[in-house]
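Student: Pasting a structure below so you can have a look.
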Protein chains: 2
Amino acid sequence: MLNHWALSDCEKKVPKGKPRKKPSTTPVTIHDVAARAEVAISSISRVLSGHPDVSERMRIKVLRAANELGYEPDFFAQSLRSGATKTIGFIIRDISNPFFGVIAQCCEQELRKAGYSMMLMNSDGDVATESTNIAQLRRRKIDGLIASLVSEDVPELKSSLEKLNAPVVLLDRELTGFNSSAILTNHHQGIEDATADLISRGHSRIAFISGSTRVYTTRDRLKGFKSAFKKAEIAYPSNLVSLGKFDAEFGESETKRLFTLIDRPTALISGGIGSTAGAMRGLKKLGLIPGKDLAFVAIDEWPMFDVFGQHYSSVYRDAAMIGREAAAALLEMMNGGSSRTIIVDTTYIVRESSGGGLKAKRK
Amino acid sequence: MLNHWALSDCEKKVPKGKPRKKPSTTPVTIHDVAARAEVAISSISRVLSGHPDVSERMRIKVLRAANELGYEPDFFAQSLRSGATKTIGFIIRDISNPFFGVIAQCCEQELRKAGYSMMLMNSDGDVATESTNIAQLRRRKIDGLIASLVSEDVPELKSSLEKLNAPVVLLDRELTGFNSSAILTNHHQGIEDATADLISRGHSRIAFISGSTRVYTTRDRLKGFKSAFKKAEIAYPSNLVSLGKFDAEFGESETKRLFTLIDRPTALISGGIGSTAGAMRGLKKLGLIPGKDLAFVAIDEWPMFDVFGQHYSSVYRDAAMIGREAAAALLEMMNGGSSRTIIVDTTYIVRESSGGGLKAKRK
DNA sequence: GCATAAAATAGAAACGTTTCCAGAAACGAG
DNA sequence: CTCGTTTCTGGAAACGTTTCTATTTTATGC
């Protein structure tokens, strides 16, 4: 609601009566406007902030003076006094991950439309950094926070989020006992479909690599994985499940480990773009080709997937939608609305890489 | 230099003498600390900001009081008074582009270490949005700006950047007559090498697709492209050069257009990840395979290139280094140093896709 | 011990807003 | 015409710092 008064022609004239200190940059304050319009500064503030108790005559006088002077209210003075900062914090584990990039982009677009700016902080998957970031955002009195947290069970996490005194939207995280909105993904459905498909093709030794079970993401994926085995009444291959970190290093080393077991898996589902990148590297080094030497399903698609991932099966989810929904949920809360939980669907998309693995099984 | 006093045990005791309004959040101000330490508020400020004229006795008294109360200076009051905001603006055309994502990530890391926070703004390749973003950052009195601008010749651009009154680092842009640091890429070297290689393999009808010539990036790339032809004393195929936008749509439509010409090109160099994505799509739809039906060189590598782009030749540059250098240059300027121009190298990396195109030439 | 300089401290004035409060117009109703 | 009620406006007090200036204390040289 700031700066919404009509700008006609900004003459940018320095007021004559009161010479200000520095005529260089933007020395025009509310006092200058008040002097020019010959009214009190409180009236300037009222007009510009859209206060109802303002006469039409006053409105015109003030608006004209403000425009003539090219007045812009000082952001920090406003925030100091009013408490609102029109800033929202965005904490993410890794902005270089294109999946998060898309989320951030869409979020920023929506928030900008609503007059908010976005403060971006990477936590690099590190709990300590994340905690510093939260503290930093608290000092900056953000109006709201959107976060993809590193872990859900950090001791002081909830209290530090509460101290923010601002609405919070969590991305793919469940924090019980803390009032926040959440954009969750229905991972289990897509994973279950994928796993079931692999089972129906004859696989039983299916490897599964994803991040830490300390976040909803992994737990929900695992749920889908297990569920498919249960429904098929096949023993669940717990020794082929490797859950630890979302990064490529983990994905690569675990892929190498699992696929050099004596009784190696015939299929692989790997979770998160980082994980998948690692898995692909591992497979490449082992000389194993997805769709031929093993069946393979990637969780999440990466940029240019249509060109470079065209024969890879995937469990797909819409990053742009997640970003938009997060922004919408936060805006609603900041406008006094209540928190909500939104669940975004995933879809198992079958492509060539779902084949293979079986004929080479007993070589 | 803020908040660097040692925190031992924050007892978080509300001062007894002066009951503050809200005992809920963080009502502890510099006055409370002054009252507890029984000194003037100016002394608190001096101690905490590391002013030299402070006795050891005072230092200890103040630090103890501050820690006992868990005092944190109000960010907005500080900024209002001092003018410094410890905030740097980051304007980028498209954060969902992983190349920019990496730059942003590395920047943020470096800036965070130095105590700065990053305000991220997307301009979506739109000049008007970019201009709004700059205005927004001016209101927020950023201490510095890192920007990848949409275009270099926007009328009011220079003046709006000057009005920021803060050091600016430009990414791959040349703005003559405006004092700023710049992280440029030596595109022409890599492109020239790539073009020369293609020429030496017998190509002469080499297509070239990249963004607008209104930015340094494209001009420097074109320079390398032309230079290779000149050195080889071959006519430069101006009708096969298509420069317009960096996005995938442009890349795709131009690829389709160029490769359906009667005398179609035998090779393609496409610039920027967006462009390349489009080009790849176009080629795929035309049923042309890089490395076979045409020789192909991509400018910039994308995530997981080692796995999914393994047979694509590229003109490579180090995004992480660009990010780090940008941060370093900005920090230097903010500390009173002068502006500088850094040139990051590119390397032509030959892979399989540089082959092909010729045998199918006269079918 | 005394003048002089230097160091340390307190007090108050900014910084540029918003918002509270009280008073002044404007407006009907009696 | 007066009285109460609204509507509007001006003045001043916050908001929580930093920084300037003046004053007090301490150190230094003779």
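Residues in the structure tokens are numbered from 1 in each chain, the chains being A, B, ... in the order shown, and ligands are numbered from 1 in the order shown.
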Please identify all residues of chain B having at least one atom at most 10 Å from any atom of chain C, considering only C-alpha atoms (C1' of nucleotides), and return them as a count of residues only.
Tutor: 17
Student: Residues of chain D within 12 Å of chain B: nearest atom pair and distance (Å, one decimal) for each, counting only C-alpha atoms (C1' of nucleotides), sorted by chain and number, as a tab-separated table?
Tutor:
residue	atom	partner	partner_atom	distance
D:DC15	C1'	B:Ala77	CA	7.7
D:DG16	C1'	B:Ala77	CA	5.0
D:DT17	C1'	B:Ala77	CA	4.7
D:DT18	C1'	B:Arg81	CA	5.7
D:DT19	C1'	B:Ser42	CA	8.7
D:DC20	C1'	B:Ser42	CA	11.0
D:DT25	C1'	B:Ser55	CA	11.7
D:DT26	C1'	B:Ser55	CA	11.2
Student: For chain B against chain A, which residues fall within 7 Å using only C-alpha atoms, given as a PyMOL selection string?
Tutor: chain B and resi 25+74-77+79-80+95-98+101-102+105+118-120+139-140+163+277+280-281+304+307-308
Student: Would you return as a PyMOL selection string the members of stretch 173-335 of chain A that DSSP assigns to alpha helix (DSSP H) on this structure's backbone?
Tutor: chain A and resi 187-200+216-232+248-258+273-286+305-308+319-334
Student: Work out how far atom CA of A:Leu184 is from atom CA of A:Glu332, in Å to one decimal.
Tutor: 17.1 Å
Student: Using the chain letters and numbers from this document, which residues of stretch 27-201 of chain B does DSSP assign to strand (DSSP E), as a list in words?
Tutor: Thr87, Ile88, Gly89, Phe90, Ile91, Ile92, Ser117, Met118, Met119, Leu120, Met121, Asn122, Gly144, Leu145, Ile146, Ala147, Val168, Val169, Leu170, Leu171, Ser181, Ala182, Ile183, Leu184 and Thr185 of chain B
Student: Please compute the atom CA of A:Arg351-atom CA of A:Val315 distance, one decimal, in Å.
Tutor: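 For atom CA of A:Arg351 relative to atom CA of A:Val315, the distance reads 10.8 Å.
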Student: Tell me, in Å to one decimal, how far atom CA of B:Thr346 is from atom CA of B:Asp293.
Tutor: 26.4 Å
Student: Using only C-alpha atoms (C1' of nucleotides), determine which residues lie at most 8 Å from A:Val127, disregarding the query and same-chain residues fewer than 2 positions distant; provide the list as an MDAnalysis selection string.
Tutor: chainID A and resid 123 125 129:131 150:151 154
Student: Can you tell me which residues surround A:Ala228 at a distance of at most 8 Å, considering only C-alpha atoms (C1' of nucleotides), apart from same-chain residues fewer than 3 positions away, and format the answer as a PyMOL selection string?
Tutor: chain A and resi 192-193+195-196+224-225+231-232
Student: May I have the residues from that selection written out with N, CA and C atoms, as a PDB file, in the first residue's frame?
Tutor:
ATOM      1  N   GLU A 192       5.108 -45.174  -5.127  1.00  0.00           N
ATOM      2  CA  GLU A 192       4.428 -46.466  -5.054  1.00  0.00           C
ATOM      3  C   GLU A 192       4.096 -46.960  -6.461  1.00  0.00           C
ATOM      4  N   ASP A 193       3.600 -46.040  -7.294  1.00  0.00           N
ATOM      5  CA  ASP A 193       3.282 -46.414  -8.668  1.00  0.00           C
ATOM      6  C   ASP A 193       4.526 -46.922  -9.390  1.00  0.00           C
ATOM      7  N   THR A 195       7.336 -48.094  -8.079  1.00  0.00           N
ATOM      8  CA  THR A 195       7.803 -49.359  -7.507  1.00  0.00           C
ATOM      9  C   THR A 195       6.918 -50.520  -7.963  1.00  0.00           C
ATOM     10  N   ALA A 196       5.623 -50.284  -7.920  1.00  0.00           N
ATOM     11  CA  ALA A 196       4.681 -51.322  -8.336  1.00  0.00           C
ATOM     12  C   ALA A 196       4.934 -51.725  -9.788  1.00  0.00           C
ATOM     13  N   GLY A 224       5.880 -44.870   0.268  1.00  0.00           N
ATOM     14  CA  GLY A 224       5.381 -45.362  -1.016  1.00  0.00           C
ATOM     15  C   GLY A 224       6.136 -46.605  -1.459  1.00  0.00           C
ATOM     16  N   PHE A 225       7.411 -46.581  -1.236  1.00  0.00           N
ATOM     17  CA  PHE A 225       8.261 -47.713  -1.640  1.00  0.00           C
ATOM     18  C   PHE A 225       7.831 -48.986  -0.908  1.00  0.00           C
ATOM     19  N   LYS A 231       1.796 -54.419  -0.863  1.00  0.00           N
ATOM     20  CA  LYS A 231       0.648 -54.743  -1.703  1.00  0.00           C
ATOM     21  C   LYS A 231       0.941 -55.915  -2.632  1.00  0.00           C
ATOM     22  N   ALA A 232       2.191 -56.006  -3.053  1.00  0.00           N
ATOM     23  CA  ALA A 232       2.563 -57.109  -3.955  1.00  0.00           C
ATOM     24  C   ALA A 232       2.893 -58.370  -3.171  1.00  0.00           C
TER      25      ALA A 232
END
Student: Can you pull out every residue within 8 Å of B:Ser180, counting only C-alpha atoms (C1' of nucleotides), but drop anything in the same chain fewer than 4 positions away, and send it as a ChimeraX atom specification?
Tutor: /B:167-170,339-340
